[in-house]
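Below is one structure, written out as structure tokens; comments come after it.
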Number of protein chains: 2
Amino acid sequence: MWPDTRLCDLFGIEHPIVQAPMMGSCTPALASAVANAGGMGSLGCGEKSASTIEAEAQAIRARTNRPFNLNFFVIQPEETDPRVLEKTREKLQPWYEDLGLGEPPSELPAPGRGFDDERLDLVLALKPKVVSFHFGVPEARIIEALKTAGIVLVSSATNVAEARALEDAGMDAIIAQGWEAGGHRGSHVPTAPFDGVGTMALVPQIVDRVSVPVIAAGGIGDGRGIAAAFALGACGVQMGTAFLNCPEAATEPARRERLRRATDRDTMVTDAFSGRSARAMRSRYAQEMESSRTELPRFPQMYALSGPIREVADDDDASFFLYGQAAALTRELPAGDLIDQLVHEAQAAMRTLATR
Amino acid sequence: MWPDTRLCDLFGIEHPIVQAPMMGSCTPALASAVANAGGMGSLGCGEKSASTIEAEAQAIRARTNRPFNLNFFVIQPEETDPRVLEKTREKLQPWYEDLGLGEPPSELPAPGRGFDDERLDLVLALKPKVVSFHFGVPEARIIEALKTAGIVLVSSATNVAEARALEDAGMDAIIAQGWEAGGHRGSHVPTAPFDGVGTMALVPQIVDRVSVPVIAAGGIGDGRGIAAAFALGACGVQMGTAFLNCPEAATEPARRERLRRATDRDTMVTDAFSGRSARAMRSRYAQEMESSRTELPRFPQMYALSGPIREVADDDDASFFLYGQAAALTRELPAGDLIDQLVHEAQAAMRTLATR
């Protein structure tokens with residue numbers, strides 16, 4: 001039924017559609033409904049307590065005997081520089097004042113704990129079919145323990161280097177998370193909000209460099225996106241937003257209403273909420289926090305100021321060399337031959353998709 | 001041969017592949033080679049002189065009798081605020097000093113002129129099959145004059161609203177330019193570097209809202225991308241970077257070498273060169289100019305500072321509602337029904353692509 005069944009075979013599912021483990025929005029009801037329909041249901045565990053995770057996993061099992069996925073964060077606890085805290089407090093002061101909130105906090109809670117031994121014991125006891133990670137590569141001993149228990153492991157990559165690191169570490173499949181994806185970017189190190197590779201460019205480049213199944217994520221909203229993901233070489237998709245308005249999701253009524261009138265311009269990537277880049281609804285706060293750069297002269301007048309620098313500096317330092325995110329796919333062929341080859345490839349890709 | 005031939009029919013070409021009009025990199029030799037291979041060759045005219053454009057158009061005609069495309073900017077000349085100029089000069093001072101360049105310029109050249117009457121007369125005399133625009137909607141009288149002369153008109157949209165404005169203005173086809181695309185973003189108003197919709201999310205949303213043919217651009221590097229674009233509902237693609245290493249392109253040897261070792265992480269969007277957002281090679285200059293925001297506390301500690309604001313402020317002001325760029329495609333269905341429908345759609349899309 002699907003042109004590539006590697007992911008379905010690996011996960012033991014009928015349809016290569018993974019419901020994204022959206023913390024706060026996913027529920028046991030959602031995960032089990034997806035599982036019962038032949039997809040992969042997921043539960044975001046993040047910083048939830050062991051007892052909550054246990055109860056939710058049991059609630060899934062009460063509703064389905066199909067495989068499901070538990071998702072966890074991989075975070076290296078990092079302390080914040082006191083000067084950074086002070087500057088941020090100053091920046092937020094007007095917001096706190098306007099909202100009658102008093103002073104911004106002067107002490108921060110302890111950094112997140114990541115996937116520790118308690119988590120490991122819990123997962124080994126619950127034994128879900130699949131465990132997926134976000135924000136990086138889990139420790140080797142954790143990977144080994146989970147694989148020994150027969151659990152299938154997955155993590156997210158936002159670029160080719162991260163995908164290779166995940167394959168090297170023993171992940172059984174890789175989620176290629178493109179720029180379009182809602183939620184926190186799964187980058188292995190924190191990235192700036194302007195930094196991210198789009199799904200169209202990311203998926204084929206990761207497919208070319210790893211041998212495990214690749215799951216495309218980001219900007220996939222209907223069957224057209226699923227077909228496109230397969231055309232790019234993925235053998236499955238992860239979709240999150242598409243499930244937010246399902247009755248089984250925990251999405252609040254006001255947010256359901258907002259989704260009903262969503263446009264392509266509704267969201268933006270910002271790190272001003274959590275300290276890590278995430279795609280969230282465009283808001284005045286996010287917009288102001290991200291736009292607090294120095295304003296520049298109008299196009300094309302800025303060229304007059306950057307021009308001398310470009311002329312003199314090394315390419316690495318200041319070249320204005322314009323090219324796209326799929327540059328690694330560029331071939332050195334005469335243009336006519338390139339067209340011939342593109343046509344041939346496209347036809348072949350389209351024929352492959354028709355395999356039933 | 002192609003599942004949707006609307007673009008080929010409109011342009012009078014055999015293959016729905018448009019070579020992007022990359023100023024500085026495209027040449028008459030490149031455009032004519034693409035045209036002779038059955039694609040659409042393009043020449044970027046930007047701020048070139050009338051005599052240069054005329055000579056280049058004649059050079060294309062000397063090599064092919066197939067259709068070609070001339071591309072122009074649509075810019076509203078805007079003066080720069082003197083305070084912005086002064087602040088930018090201060091910011092660039094260290095760069096100028098380090099590079100032995102003296103002081104940054106204190107006067108800026110006149111803003112760009114856009115598509116004026118001289119341009120119109122030139123294009124009417126040259127009569128290319130297709131004229132494409134970048135940065136917006138040309139004036140109504142210009143559109144009318146060009147269409148009366150039988151010229152096919154195209155412009156770029158970076159979001160659904162822009163696509164609708166272009167269709168309303170009479171464009172015959174629309175380029176859906178995704179975040180992945182190299183070069184200047186064709187946004188109708190300048191946008192911040194962190195702002196852009198990825199190709200995977202952009203194309204189906206534009207396809208759903210306009211009736212003219214949609215050309216997908218951004219992140220398409222080989223036949224897989226072309227097949228994916230068709231899966232998303234486009235009936236053609238525009239590719240730029242893919243042609244940069246063709247012998248017919250004007251790409252400098254050092255840059256050809258750089259493309260040979262390109263990765264998915266090579267480029268970034270920055271407005272620090274021209275004053276408008278463009279995807280260009282990652283460089284120290286671009287990186288420094290874009291990163292000069294206040295540093296924030298580490299994840300997840302920043303939550304402690306933004307939390308009170310989120311709790312109190314309106315959703316529009318400061319909600320951290322995480323969702324992706326294809327939210328407009330979200331449907332309100334039980335999760336199981338949604339999976340069924342996604343499967344059905346994907347199968348249908350894949351069958352359609354197999355049409356020969």
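Each chain in the structure tokens gets a letter, A, B, ..., in the order shown, and its residues are numbered from 1; ligands are numbered from 1 in order too.
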Those in region 141-310 of chain A with strand (DSSP E or B) from DSSP, as a list in words: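 Filtering region 141-310 of chain A down to strand (DSSP E or B) leaves Val152, Leu153, Val154, Ser155, Ser156, Ala157, Ala173, Ile174, Ile175, Ala176, Gln177, Gly183, His184, Val214, Ile215, Ala216, Ala217, Gly236, Val237, Gln238, Met239, Thr267, Met268, Val269, Thr270, Ala278, Arg279, Ala280 and Met281 of chain A.
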Grab the residues selected above and save them as a short mmCIF file (atom, residue, chain, number, x, y, z; two decimals), in the first residue's frame with C-alpha atoms.
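The resulting file, selection-v1.cif, is reproduced below:
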```cif
data_model
loop_
_atom_site.label_atom_id
_atom_site.label_comp_id
_atom_site.auth_asym_id
_atom_site.auth_seq_id
_atom_site.Cartn_x
_atom_site.Cartn_y
_atom_site.Cartn_z
CA VAL A 152 12.90 0.93 19.05
CA LEU A 153 14.72 4.28 19.38
CA VAL A 154 14.16 7.49 17.45
CA SER A 155 15.41 11.07 17.77
CA SER A 156 15.13 14.33 15.88
CA ALA A 157 17.67 16.00 13.61
CA ALA A 173 15.03 5.87 12.72
CA ILE A 174 15.52 9.63 12.44
CA ILE A 175 12.96 12.40 12.42
CA ALA A 176 14.07 15.11 9.95
CA GLN A 177 12.49 18.15 11.60
CA GLY A 183 7.05 23.32 18.76
CA HIS A 184 10.61 23.30 19.99
CA VAL A 214 13.83 8.93 7.79
CA ILE A 215 10.58 10.43 9.10
CA ALA A 216 9.79 13.85 7.59
CA ALA A 217 8.36 16.49 9.94
CA GLY A 236 7.10 8.18 7.02
CA VAL A 237 5.92 11.50 8.40
CA GLN A 238 5.43 13.03 11.82
CA MET A 239 2.51 15.43 12.06
CA THR A 267 3.62 31.46 13.65
CA MET A 268 7.24 32.44 14.17
CA VAL A 269 10.33 30.89 15.67
CA THR A 270 11.36 32.48 18.95
CA ALA A 278 10.48 27.02 19.11
CA ARG A 279 7.82 27.74 16.49
CA ALA A 280 4.83 29.24 18.25
CA MET A 281 2.01 31.62 17.56
#
```
I need the residues of region 75-193 of chain B that end up classed as alpha helix (DSSP H) by DSSP on the backbone, written out as number ranges by chain. B: 82-98, 117-126, 140-148, 160-169
Write the selection just made, keeping N, CA and C atoms, as a short mmCIF file (atom, residue, chain, number, x, y, z; two decimals), in the first residue's frame?
```cif
data_model
loop_
_atom_site.label_atom_id
_atom_site.label_comp_id
_atom_site.auth_asym_id
_atom_site.auth_seq_id
_atom_site.Cartn_x
_atom_site.Cartn_y
_atom_site.Cartn_z
N PRO B 82 17.90 59.23 8.83
CA PRO B 82 19.30 59.58 9.14
C PRO B 82 19.79 58.96 10.45
N ARG B 83 18.90 58.80 11.43
CA ARG B 83 19.33 58.19 12.70
C ARG B 83 19.69 56.72 12.50
N VAL B 84 18.91 56.05 11.62
CA VAL B 84 19.20 54.64 11.33
C VAL B 84 20.56 54.54 10.65
N LEU B 85 20.81 55.45 9.71
CA LEU B 85 22.11 55.46 9.03
C LEU B 85 23.23 55.64 10.04
N GLU B 86 23.04 56.58 10.96
CA GLU B 86 24.09 56.88 11.94
C GLU B 86 24.36 55.66 12.84
N LYS B 87 23.30 55.03 13.31
CA LYS B 87 23.46 53.85 14.17
C LYS B 87 24.16 52.71 13.43
N THR B 88 23.80 52.54 12.16
CA THR B 88 24.41 51.47 11.37
C THR B 88 25.88 51.75 11.14
N ARG B 89 26.20 53.03 10.90
CA ARG B 89 27.61 53.40 10.72
C ARG B 89 28.41 53.04 11.98
N GLU B 90 27.82 53.34 13.13
CA GLU B 90 28.51 53.01 14.40
C GLU B 90 28.72 51.50 14.52
N LYS B 91 27.69 50.75 14.16
CA LYS B 91 27.76 49.30 14.27
C LYS B 91 28.83 48.72 13.34
N LEU B 92 28.99 49.37 12.18
CA LEU B 92 29.94 48.85 11.18
C LEU B 92 31.36 49.38 11.37
N GLN B 93 31.49 50.40 12.19
CA GLN B 93 32.80 51.04 12.40
C GLN B 93 33.90 50.02 12.68
N PRO B 94 33.72 49.08 13.62
CA PRO B 94 34.79 48.10 13.88
C PRO B 94 35.17 47.28 12.64
N TRP B 95 34.19 46.94 11.83
CA TRP B 95 34.47 46.19 10.60
C TRP B 95 35.32 47.04 9.66
N TYR B 96 34.93 48.28 9.47
CA TYR B 96 35.68 49.17 8.58
C TYR B 96 37.10 49.35 9.09
N GLU B 97 37.25 49.53 10.40
CA GLU B 97 38.58 49.72 10.99
C GLU B 97 39.45 48.48 10.80
N ASP B 98 38.89 47.33 11.17
CA ASP B 98 39.67 46.08 11.04
C ASP B 98 40.14 45.84 9.62
N ASP B 117 9.08 53.80 -16.74
CA ASP B 117 8.61 53.85 -18.14
C ASP B 117 9.69 53.43 -19.13
N GLU B 118 10.93 53.75 -18.82
CA GLU B 118 12.01 53.35 -19.72
C GLU B 118 12.07 51.82 -19.81
N ARG B 119 11.93 51.18 -18.63
CA ARG B 119 11.90 49.72 -18.57
C ARG B 119 10.74 49.16 -19.37
N LEU B 120 9.58 49.81 -19.21
CA LEU B 120 8.39 49.33 -19.91
C LEU B 120 8.60 49.37 -21.43
N ASP B 121 9.12 50.51 -21.93
CA ASP B 121 9.35 50.64 -23.37
C ASP B 121 10.34 49.58 -23.85
N LEU B 122 11.38 49.37 -23.05
CA LEU B 122 12.40 48.38 -23.40
C LEU B 122 11.79 46.98 -23.53
N VAL B 123 10.99 46.61 -22.54
CA VAL B 123 10.41 45.27 -22.53
C VAL B 123 9.42 45.11 -23.69
N LEU B 124 8.64 46.17 -23.96
CA LEU B 124 7.69 46.09 -25.08
C LEU B 124 8.43 45.93 -26.40
N ALA B 125 9.61 46.54 -26.49
CA ALA B 125 10.41 46.41 -27.72
C ALA B 125 11.03 45.02 -27.82
N LEU B 126 11.52 44.49 -26.68
CA LEU B 126 12.19 43.17 -26.70
C LEU B 126 11.19 42.02 -26.81
N ALA B 140 -0.67 48.86 -12.07
CA ALA B 140 -1.74 48.36 -12.94
C ALA B 140 -1.50 48.73 -14.41
N ARG B 141 -1.05 49.96 -14.67
CA ARG B 141 -0.87 50.38 -16.07
C ARG B 141 0.26 49.59 -16.74
N ILE B 142 1.26 49.20 -15.93
CA ILE B 142 2.36 48.40 -16.49
C ILE B 142 1.88 46.99 -16.81
N ILE B 143 1.11 46.41 -15.88
CA ILE B 143 0.55 45.09 -16.12
C ILE B 143 -0.30 45.09 -17.39
N GLU B 144 -1.13 46.13 -17.52
CA GLU B 144 -2.02 46.21 -18.67
C GLU B 144 -1.24 46.31 -19.97
N ALA B 145 -0.24 47.17 -19.98
CA ALA B 145 0.54 47.38 -21.20
C ALA B 145 1.25 46.08 -21.61
N LEU B 146 1.81 45.37 -20.63
CA LEU B 146 2.55 44.14 -20.95
C LEU B 146 1.60 43.04 -21.41
N LYS B 147 0.45 42.93 -20.75
CA LYS B 147 -0.50 41.89 -21.13
C LYS B 147 -1.09 42.16 -22.51
N THR B 148 -1.34 43.45 -22.79
CA THR B 148 -1.86 43.82 -24.12
C THR B 148 -0.87 43.39 -25.20
N VAL B 160 0.48 33.40 1.52
CA VAL B 160 -0.80 33.28 0.83
C VAL B 160 -1.38 34.65 0.46
N ALA B 161 -1.27 35.61 1.38
CA ALA B 161 -1.84 36.93 1.12
C ALA B 161 -1.17 37.56 -0.10
N GLU B 162 0.12 37.42 -0.21
CA GLU B 162 0.83 37.96 -1.37
C GLU B 162 0.40 37.25 -2.66
N ALA B 163 0.20 35.95 -2.57
CA ALA B 163 -0.23 35.20 -3.76
C ALA B 163 -1.59 35.68 -4.24
N ARG B 164 -2.47 35.94 -3.29
CA ARG B 164 -3.80 36.41 -3.67
C ARG B 164 -3.73 37.81 -4.28
N ALA B 165 -2.87 38.66 -3.74
CA ALA B 165 -2.70 40.00 -4.30
C ALA B 165 -2.18 39.90 -5.74
N LEU B 166 -1.29 38.97 -5.99
CA LEU B 166 -0.74 38.82 -7.34
C LEU B 166 -1.79 38.31 -8.31
N GLU B 167 -2.61 37.35 -7.86
CA GLU B 167 -3.65 36.86 -8.76
C GLU B 167 -4.66 37.97 -9.05
N ASP B 168 -5.05 38.71 -8.00
CA ASP B 168 -5.99 39.81 -8.19
C ASP B 168 -5.46 40.84 -9.18
N ALA B 169 -4.14 41.05 -9.17
CA ALA B 169 -3.55 42.07 -10.04
C ALA B 169 -3.40 41.57 -11.47
#
```
Pick from A:Ala348, A:Val131, A:Leu342, A:Met171: nearest to chain B, with only C-alpha atoms counted?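 Of A:Ala348, A:Val131, A:Leu342, A:Met171, the one nearest chain B, counting only C-alpha atoms, is A:Leu342.
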Which residue of B:Ser211, B:Asn245, B:Thr330, B:Thr199 approaches Ala262 (chain A) most closely, using only C-alpha atoms: B:Thr330
List the spatial neighbours of Ala31 (chain A) as a ChimeraX atom specification - criterion: any atom at most 8 Å away, only C-alpha atoms, same-chain residues fewer than 6 positions off excluded. /A:19,40-43,60,68
Counting only C-alpha atoms, the residue of B:Asn71, B:Ser132, B:Ser49, B:Ser25 that sits nearest chain A: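 Distance minimum relative to chain A lands on B:Ser25.
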Which residue of A:Glu257, A:Asp9, A:Glu79, A:Asp271 approaches Arg331 (chain B) most closely, using only C-alpha atoms: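 The answer is A:Glu257, which sits nearest to Arg331 (chain B).
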